[in-house]
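Novice: I am sharing data.txt, which consists of compact mmCIF, C-alpha atoms:
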# COMPACT_ATOMS: atom_id res chain seq x y z
CA MET A 1 -20.49 38.27 10.07
CA PRO A 2 -17.87 40.70 11.42
CA ASN A 3 -18.97 42.89 14.33
CA SER A 4 -18.00 46.03 12.42
CA PHE A 5 -20.38 45.09 9.62
CA ASN A 6 -23.22 44.51 12.12
CA PHE A 7 -22.51 47.90 13.58
CA PHE A 8 -22.53 49.44 10.10
CA LEU A 9 -25.94 47.91 9.32
CA ILE A 10 -27.49 49.16 12.56
CA LEU A 11 -25.88 52.55 12.08
CA MET A 12 -27.29 52.83 8.55
CA ALA A 13 -30.72 51.79 9.78
CA SER A 14 -30.51 54.42 12.49
CA LEU A 15 -29.71 57.14 10.01
CA ALA A 16 -33.09 56.60 8.39
CA THR A 17 -34.61 59.05 10.86
CA GLY A 18 -38.14 58.88 12.14
CA CYS A 19 -38.50 55.13 11.68
CA ALA A 20 -40.43 52.92 14.07
CA HIS A 21 -38.75 49.51 14.22
CA SER A 22 -40.66 46.37 15.20
CA ILE A 23 -39.51 44.48 18.29
CA GLN A 24 -41.11 41.66 20.31
CA LEU A 25 -41.63 41.75 24.06
CA ALA A 26 -42.09 37.97 24.39
CA PRO A 27 -39.85 36.94 27.29
CA ASP A 28 -37.78 33.79 27.64
CA LEU A 29 -40.16 31.53 29.60
CA ASP A 30 -37.62 28.96 30.82
CA ASP A 31 -37.04 30.56 34.23
CA LEU A 32 -40.77 31.13 34.77
CA ARG A 33 -41.45 27.48 33.91
CA MET A 34 -38.71 26.24 36.23
CA THR A 35 -39.87 28.31 39.22
CA ALA A 36 -40.75 25.86 41.98
CA VAL A 37 -44.33 26.26 43.22
CA SER A 38 -44.86 24.23 46.37
CA ASP A 39 -48.41 25.28 47.08
CA PRO A 40 -50.48 25.62 43.89
CA ILE A 41 -54.14 26.65 44.07
CA ASP A 42 -56.73 24.05 43.11
CA LYS A 43 -59.03 26.34 41.13
CA ASN A 44 -59.77 26.99 37.47
CA VAL A 45 -59.25 30.58 36.43
CA GLY A 46 -59.54 32.61 33.26
CA TYR A 47 -57.77 35.60 31.86
CA TYR A 48 -59.27 38.25 29.64
CA ILE A 49 -57.51 40.33 27.00
CA SER A 50 -59.83 42.42 24.88
CA VAL A 51 -59.54 42.37 21.10
CA ALA A 52 -58.55 46.05 21.24
CA ASP A 53 -55.72 45.31 23.66
CA ARG A 54 -54.56 42.21 21.80
CA THR A 55 -54.26 44.14 18.54
CA ALA A 56 -52.90 47.38 20.05
CA GLU A 57 -49.51 48.36 18.68
CA VAL A 58 -47.56 50.67 20.98
CA VAL A 59 -44.76 53.01 19.90
CA THR A 60 -42.14 54.26 22.38
CA PRO A 61 -38.73 55.89 21.93
CA GLY A 62 -35.66 54.00 20.78
CA GLY A 63 -32.27 55.48 19.99
CA GLY A 64 -30.98 57.85 17.34
CA GLY A 65 -34.29 59.64 17.05
CA ASP A 66 -36.11 56.46 16.06
CA ASP A 67 -38.90 54.58 17.81
CA VAL A 68 -39.64 50.97 18.62
CA LYS A 69 -43.09 49.44 18.12
CA TYR A 70 -44.60 46.28 19.53
CA PHE A 71 -47.78 44.53 20.69
CA PRO A 72 -47.54 44.35 24.52
CA TYR A 73 -50.55 42.10 25.13
CA LYS A 74 -50.12 39.75 22.18
CA ASP A 75 -46.37 39.46 22.76
CA THR A 76 -46.73 38.51 26.42
CA GLU A 77 -49.94 36.44 26.44
CA ALA A 78 -47.82 33.26 26.55
CA ALA A 79 -46.08 34.60 29.66
CA LEU A 80 -49.43 35.38 31.32
CA ASN A 81 -50.81 31.91 30.51
CA THR A 82 -47.58 30.27 31.72
CA MET A 83 -47.50 32.31 34.93
CA LEU A 84 -51.11 31.49 35.82
CA SER A 85 -50.67 27.83 34.86
CA LYS A 86 -47.90 27.55 37.45
CA VAL A 87 -50.40 28.42 40.18
CA PHE A 88 -53.87 27.27 39.14
CA THR A 89 -55.25 23.89 38.08
CA ARG A 90 -56.50 25.01 34.68
CA VAL A 91 -56.26 28.37 32.92
CA TYR A 92 -58.59 29.47 30.14
CA SER A 93 -58.48 32.38 27.72
CA ILE A 94 -61.86 34.11 28.12
CA PRO A 95 -63.38 35.43 24.89
CA ASN A 96 -66.09 37.55 26.58
CA LEU A 97 -66.35 38.92 30.13
CA ASN A 98 -70.15 38.46 30.14
CA ASP A 99 -70.21 34.84 29.04
CA THR A 100 -71.46 33.32 32.30
CA ALA A 101 -72.30 30.03 30.57
CA PHE A 102 -68.60 29.72 29.61
CA PHE A 103 -67.56 30.36 33.23
CA GLU A 104 -69.94 27.68 34.51
CA GLU A 105 -68.99 25.13 31.87
CA LYS A 106 -65.27 25.53 32.65
CA ASN A 107 -65.80 25.93 36.42
CA ILE A 108 -63.94 29.24 36.34
CA ARG A 109 -63.74 30.88 39.77
CA MET A 110 -61.72 34.03 39.07
CA ILE A 111 -60.76 36.20 36.13
CA PHE A 112 -57.39 37.88 35.70
CA ILE A 113 -57.41 41.10 33.65
CA PRO A 114 -53.93 42.40 32.77
CA THR A 115 -53.11 46.04 32.15
CA ILE A 116 -49.73 46.81 30.64
CA THR A 117 -47.93 50.11 30.32
CA THR A 118 -44.48 50.49 28.82
CA ASP A 119 -41.77 53.03 28.20
CA SER A 120 -38.36 52.91 26.62
CA SER A 121 -35.31 54.99 25.91
CA SER A 122 -31.79 54.70 24.59
CA SER A 123 -28.48 56.14 25.65
CA SER A 124 -27.26 55.83 22.06
CA VAL A 125 -27.57 58.46 19.38
CA VAL A 126 -26.44 56.14 16.58
CA THR A 127 -28.37 52.89 17.10
CA TRP A 128 -32.14 52.46 17.26
CA PRO A 129 -32.77 49.57 19.74
CA ALA A 130 -33.84 50.67 23.23
CA THR A 131 -31.11 50.29 25.83
CA ASP A 132 -33.66 50.75 28.64
CA PHE A 133 -37.17 49.40 28.77
CA THR A 134 -39.80 49.67 31.50
CA PHE A 135 -42.63 47.15 31.68
CA THR A 136 -45.40 47.75 34.20
CA LEU A 137 -47.98 45.02 34.68
CA THR A 138 -51.15 45.26 36.72
CA CYS A 139 -53.27 42.18 37.29
CA THR A 140 -56.81 42.88 38.46
CA VAL A 141 -58.73 39.83 39.62
CA THR A 142 -62.50 39.66 39.75
CA ASP A 143 -64.99 36.96 40.52
CA THR A 144 -67.29 35.83 37.73
CA SER A 145 -69.83 38.53 38.62
CA GLY A 146 -67.23 41.25 38.04
CA ARG A 147 -66.55 42.06 41.70
CA LYS A 148 -62.92 43.05 42.22
CA ILE A 149 -61.15 40.82 44.72
CA TRP A 150 -57.46 41.59 44.21
CA ALA A 151 -55.12 43.82 42.23
CA LYS A 152 -51.37 44.19 42.15
CA THR A 153 -48.93 46.19 40.07
CA VAL A 154 -45.33 45.25 39.39
CA SER A 155 -42.78 47.16 37.37
CA ALA A 156 -39.49 45.97 35.91
CA GLN A 157 -36.69 47.60 34.01
CA GLY A 158 -34.64 45.82 31.37
CA LYS A 159 -31.28 47.05 30.15
CA ALA A 160 -29.18 45.94 27.20
CA GLU A 161 -25.97 47.28 25.75
CA PHE A 162 -24.92 47.29 22.10
CA ASP A 163 -22.75 44.16 22.34
CA GLU A 164 -25.80 42.26 23.63
CA PHE A 165 -28.64 43.68 21.55
CA LYS A 166 -26.85 43.56 18.19
CA HIS A 167 -28.14 39.96 17.94
CA ASP A 168 -31.51 40.64 19.59
CA HIS A 169 -32.93 44.12 19.14
CA SER A 170 -35.72 43.32 21.63
CA LEU A 171 -33.41 42.29 24.47
CA SER A 172 -34.05 45.11 26.96
CA ALA A 173 -37.81 44.69 26.47
CA ARG A 174 -37.68 40.91 26.88
CA ARG A 175 -35.66 41.28 30.07
CA ALA A 176 -38.16 43.73 31.49
CA SER A 177 -41.23 41.62 30.65
CA GLU A 178 -39.59 38.45 31.98
CA GLU A 179 -38.83 40.06 35.33
CA ALA A 180 -42.32 41.55 35.58
CA TYR A 181 -44.07 38.19 35.05
CA GLU A 182 -41.72 36.44 37.48
CA ASP A 183 -42.43 39.13 40.05
CA MET A 184 -46.18 38.85 39.44
CA LEU A 185 -46.00 35.06 39.93
CA SER A 186 -44.59 35.63 43.38
CA LYS A 187 -47.31 38.18 44.19
CA VAL A 188 -50.07 35.81 43.05
CA LEU A 189 -48.64 32.94 45.10
CA ASN A 190 -48.58 35.13 48.20
CA ALA A 191 -52.10 36.53 47.82
CA ASP A 192 -54.16 34.73 50.48
CA VAL A 193 -57.42 36.13 49.13
CA LEU A 194 -56.94 34.09 45.93
CA ARG A 195 -56.88 30.89 47.99
CA GLU A 196 -60.18 31.52 49.79
CA MET B 1 -33.73 40.31 8.84
CA THR B 2 -34.77 37.45 11.10
CA SER B 3 -38.08 35.64 11.45
CA PRO B 4 -40.22 36.85 14.36
CA GLN B 5 -40.55 34.63 17.40
CA TYR B 6 -43.53 32.25 17.24
CA GLN B 7 -46.64 33.34 19.14
CA PRO B 8 -48.99 30.50 20.13
CA ASP B 9 -52.58 30.44 18.92
CA PHE B 10 -54.66 30.83 22.08
CA SER B 11 -57.95 30.23 20.29
CA VAL B 12 -57.24 26.48 20.33
CA THR B 13 -55.57 26.10 23.71
CA ASN B 14 -58.89 26.03 25.60
CA ASP B 15 -60.15 23.12 23.49
CA LEU B 16 -56.87 21.24 23.76
CA LYS B 17 -56.87 21.66 27.55
CA ASP B 18 -60.39 20.20 27.73
CA ALA B 19 -59.73 17.33 25.33
CA ASP B 20 -58.14 15.10 28.01
CA LEU B 21 -55.11 14.43 25.85
CA GLN B 22 -52.09 12.51 27.05
CA GLN B 23 -48.82 14.36 27.38
CA VAL B 24 -46.84 14.37 24.13
CA SER B 25 -43.26 15.12 23.19
CA VAL B 26 -41.72 16.46 20.01
CA GLY B 27 -38.81 14.90 18.09
CA ASP B 28 -36.85 16.21 15.15
CA PHE B 29 -38.39 18.06 12.23
CA SER B 30 -36.50 18.01 8.94
CA SER B 31 -36.61 19.96 5.69
CA ALA B 32 -37.76 18.11 2.57
CA LYS B 33 -35.65 20.35 0.32
CA GLU B 34 -33.20 23.21 0.70
CA SER B 35 -35.64 25.78 -0.62
CA VAL B 36 -37.90 25.53 2.46
CA ASP B 37 -35.13 27.17 4.50
CA ARG B 38 -34.91 30.18 2.20
CA ILE B 39 -37.39 33.03 2.45
CA SER B 40 -36.86 36.23 0.55
CA ILE B 41 -39.18 39.22 0.90
CA ARG B 42 -38.63 41.75 -1.87
CA GLY B 43 -34.93 40.99 -2.02
CA SER B 44 -34.41 40.89 1.76
CA THR B 45 -33.65 37.47 3.18
CA MET B 46 -35.64 36.49 6.27
CA ILE B 47 -33.48 34.06 8.23
CA SER B 48 -35.04 31.60 10.68
CA ILE B 49 -34.07 32.42 14.25
CA PHE B 50 -33.24 28.72 14.67
CA GLY B 51 -29.91 28.59 12.86
CA GLY B 52 -31.55 29.41 9.54
CA SER B 53 -33.74 26.31 9.62
CA TYR B 54 -37.49 26.70 9.13
CA SER B 55 -38.13 23.04 9.97
CA GLU B 56 -36.59 23.77 13.37
CA TYR B 57 -38.77 26.88 13.58
CA LEU B 58 -41.81 24.65 13.07
CA GLU B 59 -40.53 22.16 15.66
CA HIS B 60 -40.01 24.86 18.31
CA ALA B 61 -43.35 26.47 17.44
CA LEU B 62 -45.13 23.15 17.98
CA VAL B 63 -43.39 22.65 21.33
CA GLU B 64 -44.49 26.12 22.47
CA GLN B 65 -48.06 25.55 21.29
CA LEU B 66 -48.24 22.24 23.19
CA ARG B 67 -46.68 23.80 26.30
CA GLN B 68 -49.27 26.57 26.33
CA ALA B 69 -51.98 23.90 26.12
CA ALA B 70 -50.32 22.05 29.05
CA ILE B 71 -49.91 18.81 27.07
CA TYR B 72 -46.14 18.83 26.46
CA ARG B 73 -43.72 16.69 28.41
CA GLU B 74 -40.20 15.90 27.26
CA GLY B 75 -39.79 12.14 26.98
CA ALA B 76 -43.53 11.37 26.81
CA PRO B 77 -44.29 8.11 24.94
CA ILE B 78 -46.31 9.89 22.24
CA VAL B 79 -43.73 11.57 19.98
CA ILE B 80 -44.47 13.97 17.13
CA THR B 81 -41.95 14.43 14.36
CA GLY B 82 -42.31 15.93 10.92
CA THR B 83 -40.97 17.17 7.63
CA LEU B 84 -41.44 20.67 6.29
CA LEU B 85 -42.52 20.04 2.71
CA ASN B 86 -43.27 23.49 1.41
CA ASN B 87 -42.58 26.98 2.76
CA ASP B 88 -43.64 29.40 0.03
CA PHE B 89 -43.84 32.91 1.37
CA ASP B 90 -44.55 35.71 -1.08
CA GLY B 91 -44.59 39.37 -0.02
CA SER B 92 -44.19 40.74 -3.55
CA GLY B 93 -47.89 41.52 -4.12
CA VAL B 94 -48.85 45.21 -4.03
CA SER B 95 -52.17 44.54 -2.25
CA ILE B 96 -52.02 40.96 -0.97
CA GLY B 97 -49.19 38.87 0.39
CA GLU B 98 -49.65 35.11 0.52
CA SER B 99 -48.05 31.97 1.81
CA ASN B 100 -48.49 28.25 1.28
CA ILE B 101 -46.92 26.06 3.93
CA ALA B 102 -47.14 22.28 4.11
CA ALA B 103 -45.69 19.67 6.42
CA ASN B 104 -45.93 15.98 7.03
CA PHE B 105 -46.65 15.19 10.68
CA VAL B 106 -45.80 11.77 12.09
CA VAL B 107 -46.93 10.45 15.47
CA VAL B 108 -45.25 7.51 17.15
CA LYS B 109 -47.02 6.02 20.14
CA ASP B 110 -45.20 3.51 22.34
CA GLY B 111 -42.65 2.96 19.58
CA LYS B 112 -45.18 2.34 16.81
CA GLN B 113 -46.08 4.82 14.05
CA VAL B 114 -49.79 5.54 14.35
CA TYR B 115 -50.18 8.68 12.25
CA SER B 116 -48.60 10.19 9.15
CA LYS B 117 -50.44 12.92 7.33
CA ASP B 118 -49.65 15.95 5.21
CA HIS B 119 -51.24 19.23 6.31
CA SER B 120 -51.14 22.44 4.33
CA ILE B 121 -52.41 25.98 4.73
CA HIS B 122 -52.87 29.06 2.62
CA HIS B 123 -52.53 32.42 4.39
CA GLU B 124 -53.04 35.94 3.03
CA TRP B 125 -52.33 39.36 4.50
CA THR B 126 -52.54 42.99 3.46
CA SER B 127 -49.51 44.09 1.49
CA SER B 128 -48.48 47.38 -0.07
CA PHE B 129 -46.72 48.89 -3.04
CA LEU B 130 -44.25 50.40 -0.57
CA GLY B 131 -41.53 48.02 0.54
CA ALA B 132 -41.24 49.85 3.88
CA VAL B 133 -44.80 48.71 4.63
CA ALA B 134 -44.89 45.42 2.75
CA ILE B 135 -41.71 43.88 4.19
CA PRO B 136 -42.58 44.28 7.91
CA ASN B 137 -46.17 43.22 7.18
CA ALA B 138 -44.93 40.04 5.57
CA GLN B 139 -42.43 39.43 8.36
CA LYS B 140 -45.18 39.75 10.99
CA ASN B 141 -47.37 37.25 9.13
CA TYR B 142 -44.94 34.33 9.08
CA PRO B 143 -45.75 33.22 12.66
CA ILE B 144 -49.47 33.52 11.86
CA ALA B 145 -49.07 31.21 8.86
CA VAL B 146 -47.21 28.71 11.06
CA GLN B 147 -49.96 29.02 13.70
CA LYS B 148 -52.50 27.99 11.07
CA LEU B 149 -50.48 24.95 10.05
CA ILE B 150 -50.02 23.79 13.63
CA THR B 151 -53.69 24.35 14.43
CA GLU B 152 -54.64 22.33 11.34
CA PHE B 153 -52.64 19.39 12.71
CA LEU B 154 -53.58 19.68 16.39
CA THR B 155 -57.31 19.92 15.67
CA ASP B 156 -57.31 16.95 13.28
CA PRO B 157 -59.86 14.57 14.86
CA GLU B 158 -57.60 11.63 14.00
CA PHE B 159 -54.74 13.13 16.02
CA ILE B 160 -57.08 14.06 18.89
CA SER B 161 -58.45 10.53 18.96
CA LEU B 162 -55.08 8.82 19.18
CA ALA B 163 -53.75 11.26 21.78
CA LYS B 164 -56.76 10.81 24.08
CA SER B 165 -56.08 9.44 27.53
Translate this structure into structure tokens?

Specialist:
Amino acid sequence: MPNSFNFFLILMASLATGCAHSIQLAPDLDDLRMTAVSDPIDKNVGYYISVADRTAEVVTPGGGGDDVKYFPYKDTEAALNTMLSKVFTRVYSIPNLNDTAFFEEKNIRMIFIPTITTDSSSSSVVTWPATDFTFTLTCTVTDTSGRKIWAKTVSAQGKAEFDEFKHDHSLSARRASEEAYEDMLSKVLNADVLRE
Amino acid sequence: MTSPQYQPDFSVTNDLKDADLQQVSVGDFSSAKESVDRISIRGSTMISIFGGSYSEYLEHALVEQLRQAAIYREGAPIVITGTLLNNDFDGSGVSIGESNIAANFVVVKDGKQVYSKDHSIHHEWTSSFLGAVAIPNAQKNYPIAVQKLITEFLTDPEFISLAKS
């Protein structure tokens, strides 16, 4: 399809003011998967995402007066599971933070609880996709009794210009989330307290 | 309009991780008929993000599901292939949208076919009279319908049994 026609379609969509357009934050996981981990940790861990978080749809600004909407936790759960699986022997999705029988059965030693905040903006007044996206990820780690043993926050910014995002309206967001999870992997690998 | 990216079903990954399955790989998935690669939601075409092919969408979705369960390895001697038989996706309803998806899954182990079975699912979601609500709702539900089909296959006791270590 000619580029001018793509531009026309996005322009027309942008003129429908006040719209919130769906995007997906799910990052490309290839780089995360290929990251060499020389010293993995021989422990089973879990991660917990509440139902409220998993189903939470967030709306932040896009361009041309429109917004973008997405599910930060659901969209990036695969990245969280992949990141933790690079480090730990086995990673489980925990359905309930109080299910001690589940922790014992799976030999879970620590629980990762992610907190995600996002923001976006666009330098364009005629197209709706965000040209700038900020993804901030905090991982709080507790033992199975709920005692906090580690926490770290990373923040990444993704940028995408029109020529790039015309084929992927989520590009700036995907770039930001990918960088955040790669950064968090490095922080987890360097956290001595998680190896004790 | 393009299909959303597949999101794995994490409700089954715990069980798959604990099932002591051998590593598996995924071969080609094909389309049984041209119509499975065409989805229209109230006049808007939803194109598969994999070159317009929904059998390839299913193939990539299965790979991602297996990767998240830590049982995927390219070149593993257990190979899953398949054929997308049916891909009906209807967002025209004013209160309910529905889909019926079916595929034949084939498993070859050490060069010998050990499994061939059709799996099908029916999925419903909340729709609306308003196209501005109904179309994105339908779009969001395609990966969920595919999740259900993949889960149906991966939790089949016959598949679990033959993939056991």

Novice: Each residue of chain B lying at most 8 Å from chain A should get a row with its shortest atom-to-atom pair and the distance in Å to one decimal, counting all atoms listed in the file; could you produce that, ordered by chain and increasing number, as a Markdown table?

Specialist:
| residue | atom | partner | partner_atom | distance |
| --- | --- | --- | --- | --- |
| B:Pro4 | CA | A:Gln24 | CA | 7.7 |
| B:Gln5 | CA | A:Gln24 | CA | 7.6 |
| B:Gln7 | CA | A:Asp75 | CA | 7.1 |
| B:Pro8 | CA | A:Ala78 | CA | 7.1 |
| B:Phe10 | CA | A:Ser93 | CA | 7.0 |
| B:Ser11 | CA | A:Ser93 | CA | 7.8 |
| B:Thr13 | CA | A:Tyr92 | CA | 7.9 |
| B:Asn14 | CA | A:Tyr92 | CA | 5.7 |
| B:Lys17 | CA | A:Arg90 | CA | 7.9 |
| B:Gln68 | CA | A:Thr82 | CA | 6.8 |
| B:Pro136 | CA | A:Ser22 | CA | 7.8 |

Novice: Have a look at A:Thr118, A:Thr55, A:Asn98, A:Ser145 and name the one nearest to Asp132 in chain A; count all atoms listed in the file.

Specialist: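 Closest to Asp132 in chain A, using all atoms listed in the file: A:Thr118.
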
Novice: Measure the distance from CA of Gly111 in chain B to CA of Lys164 in chain B in Å and round it to one decimal.

Specialist: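 Distance between the two atoms: 16.8 Å.
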
Novice: Would you kindly return, as a list in words, each protein, DNA or RNA residue with an atom no farther than 7 Å from any atom of Cys139 in chain A, considering only C-alpha atoms and excluding same-chain residues fewer than 4 positions away?

Specialist: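 Listing them by chain and then by number gives Phe112, Ile113, Pro114, Thr115, Ala151, Lys152 and Thr153 of chain A.
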
Novice: Let me make sure I understand: among A:Leu194, A:Ile111, A:Leu189, A:Ile149, which one has the smallest atom-to-atom distance to Ile49 in chain A if we use all atoms listed in the file?

Specialist: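 Ranking A:Leu194, A:Ile111, A:Leu189, A:Ile149 by distance to Ile49 in chain A, first place goes to A:Ile111.
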
Novice: Just how far from CA of Glu105 in chain A is CA of Val37 in chain A, in Å to one decimal?

Specialist: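 Distance reported for this atom pair: 27.2 Å.
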
Novice: Please measure the separation of CA of Thr117 in chain A and CA of Leu137 in chain A, giving the value in Å to one decimal.

Specialist: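 Separation between CA of Thr117 in chain A and CA of Leu137 in chain A: 6.7 Å.
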
Novice: Got a sec: who's within 9 Å of Phe103 in chain A, counting all atoms listed in the file, leaving out chain neighbours fewer than 2 positions off, as a ChimeraX atom specification?

Specialist: /A:45-46,94,99-101,105-109,144

Novice: Here is a test: counting only C-alpha atoms, which residue of A:Leu171, A:Val59, A:Leu84, A:Leu185 is nearest to Lys43 in chain A?

Specialist: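 Among the listed residues, A:Leu84 lies closest to Lys43 in chain A.
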
Novice: At a cut-off of 12 Å from (-30.6, 31.8, 14.7) in the coordinates of the file, what residues are picked up using only C-alpha atoms, written as number ranges by chain?

Specialist: A: 167-168; B: 1-5, 46-54, 56-57

Novice: Select all residues near (-44.0, 36.5, 44.7) (cut-off 12 Å, inclusive, file coordinates), counting all atoms listed in the file, and output them as number ranges by chain.

Specialist: A: 32, 35-37, 83, 87, 152-154, 179-192

Novice: Hey, what's within 10 Å of Phe162 in chain A if we count only C-alpha atoms and toss same-chain stuff fewer than 5 positions away? As an MDAnalysis selection string, please?

Specialist: chainID A and resid 7 124 127 129:131 167:169

Novice: Would you please work out which residue, of B:Ile150, B:Ile135, B:Val94, B:Leu16, is nearest to Ala163 in chain B when using only C-alpha atoms?

Specialist: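 The shortest atom-to-atom distance to Ala163 in chain B comes from B:Leu16.
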